[in-house]
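The block underneath contains the structure these notes are about, expressed in structure tokens.
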Amino acid sequence: MAEIYRVDASFDHGFFKGTSCAFGVFDGVHRGHRFLLDCARATASENGGASVALTFDIDPDEVFHPTRLKKLMTNEERVLMLADSGVDAVAVLPFTRDFAASSPEEFLVQTFDGTVPSCLHVGYDFKFGARAAGTVRDLDAWAAEGGTDVQAHDLKSDDGAPITATRIRLLLADGDIEEANHLLGRPYFMTGVVEPGRGEGADLGFRTANLTVPDQMRPLGDGVYAAYAHVDGARYKAAVNVGVAATFADRATATCEVHLLDFSGDLYGKPVKVEFLHWLREMRKFDDLDELVSTVKGNIAWVRENL
């Protein structure tokens with residue numbers, strides 16, 4: 001696990017001397033991001049310096065577009081995943097409105113404070129500074145003065161389309177979990193703490209763990225999914241209901257309900273990580289409880305046989 005540094009008033013910017021940095025928000029730490037991180041590791045190995053993931057403590061859209069933002073992971077999960085990506089260090093920039101209002105030139109001064117890295121890896125559409133006015137061309141001009149090698153990369157998937165967090169969010173919203181996972185390079189996951197739910201599941205013969213997941217952390221479209229649930233260090237096959245249960249819409253709220261196969265015990269108050277693998281069906285209202293029970297049992301049987 002790499003060391004994590006906060007680039008605040010106490011930070012020694014001499015840290016950046018000789019480093020190879022991959023710079024970005026890195027929401028999801030997807031395959032495109034990992035390519036950037038691998039590039040930083042490669043040039044660090046060539047130059048004899050440290051490889052660094054340079055990022056922000058929050059997603060900038062948490063400041064500018066908080067109501068419409070759908071994040072792929074929490075800030076803490078993102079920084080920890082970067083630290084576990086193979087780089088030597090993670091440098092975390094505090095993102096504030098004042099910092100966001102900086103001109104592109106001021107942005108670079110505040111970030112590096114005169115000690116420039118040996119190499120800086122970014123996506124080809126990298127933007128920075130107030131109103132995202134800074135471009136890769138501006139980075140190149142700055143690098144020419146300071147001696148930094150800026151490398152802008154085209155982050156594309158097998159089909160030639162760019163790998164972006166926005167593209168993955170749209171896939172998740174459509175329930176296309178398998179393509180989203182392909183671009184992520186891992187299963188998409190949600191985490192939450194189990195709270196008491198409505199209780200219908202237990203009454204109908206299949207208990208569910210009701211997870212508290214903030215709306216901002218729920219880019220996944222409503223539906224029923226096959227997944228793995230991780231709790232207390234163990235992994236269980238799971239059938240997961242994401243969104244409002246239509247049959248109980250008069251008293252339901254948007255949620256994530258997880259039925260763990262072959263689990264017994266009390267989950268209340270425990271954190272659960274759910275890795276989504278397959279979309280099973282859309283949410284719909286059932287004519288009667290017998291139809292609901294039969295369908296849910298069929299979903300559970302599919303999970304048992306196919307995961």
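Chain labels run A, B, ... following the order of the structure tokens; each chain numbers its residues from 1, and ligands are numbered from 1 in the order shown.
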message: Run DSSP on the backbone and tell me which residues of segment 57-231 of chain A come out as helix (DSSP H, G or I); list them as a PyMOL selection string.
response: chain A and resi 61-64+75-83+97-100+104-112+130-132+136-146+165-173+177-184+200-204+215-217
- request: Excluding Asp57 of chain A and any residue of its chain fewer than 3 positions from it, enumerate the residues within 7 Å of it, using only C-alpha atoms, and give them as number ranges by chain.
  value: A: 75, 92-95
Go ahead and write the selection's residues with C-alpha atoms as a PDB file, in the first residue's frame.
ATOM      1  CA  ASN A  75     -13.611   9.566  -1.911  1.00  0.00           C
ATOM      2  CA  VAL A  92      -4.176  14.420  -2.387  1.00  0.00           C
ATOM      3  CA  LEU A  93      -4.986  18.058  -3.186  1.00  0.00           C
ATOM      4  CA  PRO A  94      -7.705  19.711  -1.059  1.00  0.00           C
ATOM      5  CA  PHE A  95     -10.339  20.945  -3.515  1.00  0.00           C
TER       6      PHE A  95
END
- prompt: What lies within 9 Å of Cys119 of chain A using only C-alpha atoms, ignoring chain neighbours under 5 positions off, as a PyMOL selection string?
  reply: chain A and resi 18-22+40+43-44+147-151
With all heavy atoms retained, write the just-selected residues as a PDB file, in the first residue's frame.
ATOM      1  N   GLY A  18      11.650  15.007  -9.360  1.00  0.00           N
ATOM      2  CA  GLY A  18      12.024  13.731  -9.969  1.00  0.00           C
ATOM      3  C   GLY A  18      10.908  12.721 -10.080  1.00  0.00           C
ATOM      4  O   GLY A  18      11.129  11.602 -10.557  1.00  0.00           O
ATOM      5  N   THR A  19       9.684  13.082  -9.670  1.00  0.00           N
ATOM      6  CA  THR A  19       8.585  12.116  -9.687  1.00  0.00           C
ATOM      7  C   THR A  19       7.944  12.011 -11.073  1.00  0.00           C
ATOM      8  O   THR A  19       8.089  12.895 -11.917  1.00  0.00           O
ATOM      9  CB  THR A  19       7.482  12.500  -8.681  1.00  0.00           C
ATOM     10  OG1 THR A  19       6.962  13.781  -9.035  1.00  0.00           O
ATOM     11  CG2 THR A  19       8.029  12.520  -7.259  1.00  0.00           C
ATOM     12  N   SER A  20       7.238  10.925 -11.279  1.00  0.00           N
ATOM     13  CA  SER A  20       6.363  10.759 -12.439  1.00  0.00           C
ATOM     14  C   SER A  20       4.940  10.679 -11.908  1.00  0.00           C
ATOM     15  O   SER A  20       4.611   9.756 -11.151  1.00  0.00           O
ATOM     16  CB  SER A  20       6.712   9.487 -13.215  1.00  0.00           C
ATOM     17  OG  SER A  20       7.930   9.636 -13.916  1.00  0.00           O
ATOM     18  N   CYS A  21       4.120  11.669 -12.280  1.00  0.00           N
ATOM     19  CA  CYS A  21       2.774  11.775 -11.718  1.00  0.00           C
ATOM     20  C   CYS A  21       1.698  11.451 -12.753  1.00  0.00           C
ATOM     21  O   CYS A  21       1.785  11.877 -13.909  1.00  0.00           O
ATOM     22  CB  CYS A  21       2.529  13.197 -11.209  1.00  0.00           C
ATOM     23  SG  CYS A  21       3.604  13.730  -9.862  1.00  0.00           S
ATOM     24  N   ALA A  22       0.686  10.720 -12.324  1.00  0.00           N
ATOM     25  CA  ALA A  22      -0.549  10.565 -13.082  1.00  0.00           C
ATOM     26  C   ALA A  22      -1.572  11.441 -12.384  1.00  0.00           C
ATOM     27  O   ALA A  22      -1.819  11.282 -11.183  1.00  0.00           O
ATOM     28  CB  ALA A  22      -1.001   9.108 -13.092  1.00  0.00           C
ATOM     29  N   ALA A  40       2.815   6.163 -15.413  1.00  0.00           N
ATOM     30  CA  ALA A  40       3.608   6.864 -14.400  1.00  0.00           C
ATOM     31  C   ALA A  40       4.626   5.924 -13.769  1.00  0.00           C
ATOM     32  O   ALA A  40       5.779   6.305 -13.519  1.00  0.00           O
ATOM     33  CB  ALA A  40       2.688   7.451 -13.328  1.00  0.00           C
ATOM     34  N   THR A  43       7.571   5.398 -16.436  1.00  0.00           N
ATOM     35  CA  THR A  43       8.537   6.498 -16.561  1.00  0.00           C
ATOM     36  C   THR A  43       9.299   6.703 -15.257  1.00  0.00           C
ATOM     37  O   THR A  43      10.462   7.112 -15.281  1.00  0.00           O
ATOM     38  CB  THR A  43       7.838   7.798 -16.982  1.00  0.00           C
ATOM     39  OG1 THR A  43       6.744   8.077 -16.102  1.00  0.00           O
ATOM     40  CG2 THR A  43       7.334   7.711 -18.405  1.00  0.00           C
ATOM     41  N   ALA A  44       8.656   6.412 -14.129  1.00  0.00           N
ATOM     42  CA  ALA A  44       9.377   6.492 -12.855  1.00  0.00           C
ATOM     43  C   ALA A  44      10.514   5.484 -12.830  1.00  0.00           C
ATOM     44  O   ALA A  44      11.626   5.775 -12.368  1.00  0.00           O
ATOM     45  CB  ALA A  44       8.416   6.248 -11.692  1.00  0.00           C
ATOM     46  N   GLY A 147      10.666  22.198 -17.448  1.00  0.00           N
ATOM     47  CA  GLY A 147      11.406  20.968 -17.702  1.00  0.00           C
ATOM     48  C   GLY A 147      10.637  19.696 -17.407  1.00  0.00           C
ATOM     49  O   GLY A 147      11.237  18.636 -17.220  1.00  0.00           O
ATOM     50  N   THR A 148       9.321  19.799 -17.378  1.00  0.00           N
ATOM     51  CA  THR A 148       8.489  18.614 -17.172  1.00  0.00           C
ATOM     52  C   THR A 148       8.103  18.001 -18.521  1.00  0.00           C
ATOM     53  O   THR A 148       7.802  18.716 -19.473  1.00  0.00           O
ATOM     54  CB  THR A 148       7.201  18.972 -16.409  1.00  0.00           C
ATOM     55  OG1 THR A 148       7.549  19.464 -15.118  1.00  0.00           O
ATOM     56  CG2 THR A 148       6.289  17.766 -16.253  1.00  0.00           C
ATOM     57  N   ASP A 149       8.116  16.687 -18.574  1.00  0.00           N
ATOM     58  CA  ASP A 149       7.662  15.967 -19.770  1.00  0.00           C
ATOM     59  C   ASP A 149       6.179  15.657 -19.589  1.00  0.00           C
ATOM     60  O   ASP A 149       5.806  14.821 -18.769  1.00  0.00           O
ATOM     61  CB  ASP A 149       8.470  14.683 -19.932  1.00  0.00           C
ATOM     62  CG  ASP A 149       7.969  13.826 -21.094  1.00  0.00           C
ATOM     63  OD1 ASP A 149       7.287  14.368 -21.976  1.00  0.00           O
ATOM     64  OD2 ASP A 149       8.265  12.617 -21.093  1.00  0.00           O
ATOM     65  N   VAL A 150       5.309  16.364 -20.331  1.00  0.00           N
ATOM     66  CA  VAL A 150       3.866  16.127 -20.263  1.00  0.00           C
ATOM     67  C   VAL A 150       3.477  15.109 -21.330  1.00  0.00           C
ATOM     68  O   VAL A 150       3.773  15.286 -22.504  1.00  0.00           O
ATOM     69  CB  VAL A 150       3.069  17.425 -20.467  1.00  0.00           C
ATOM     70  CG1 VAL A 150       1.573  17.127 -20.582  1.00  0.00           C
ATOM     71  CG2 VAL A 150       3.315  18.382 -19.315  1.00  0.00           C
ATOM     72  N   GLN A 151       2.811  14.038 -20.891  1.00  0.00           N
ATOM     73  CA  GLN A 151       2.342  13.019 -21.821  1.00  0.00           C
ATOM     74  C   GLN A 151       0.829  12.886 -21.680  1.00  0.00           C
ATOM     75  O   GLN A 151       0.326  12.474 -20.629  1.00  0.00           O
ATOM     76  CB  GLN A 151       3.032  11.676 -21.549  1.00  0.00           C
ATOM     77  CG  GLN A 151       4.541  11.722 -21.752  1.00  0.00           C
ATOM     78  CD  GLN A 151       5.182  10.353 -21.631  1.00  0.00           C
ATOM     79  OE1 GLN A 151       4.538   9.318 -21.785  1.00  0.00           O
ATOM     80  NE2 GLN A 151       6.484  10.337 -21.345  1.00  0.00           N
TER      81      GLN A 151
END
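The shortest atom-to-atom distance to Thr74 of chain A, with only C-alpha atoms taken into account, belongs to A:Ile58 out of A:Ile177, A:Phe35, A:Ile58, A:Arg235.
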- prompt: Skipping near chain neighbours, those fewer than 6 positions away, what residues fall within 8 Å of Glu257 of chain A using only C-alpha atoms, listed as a list in words?
  reply: Thr208, Ala209, Asn210, Leu211, Val240, Asn241 and Val242 of chain A
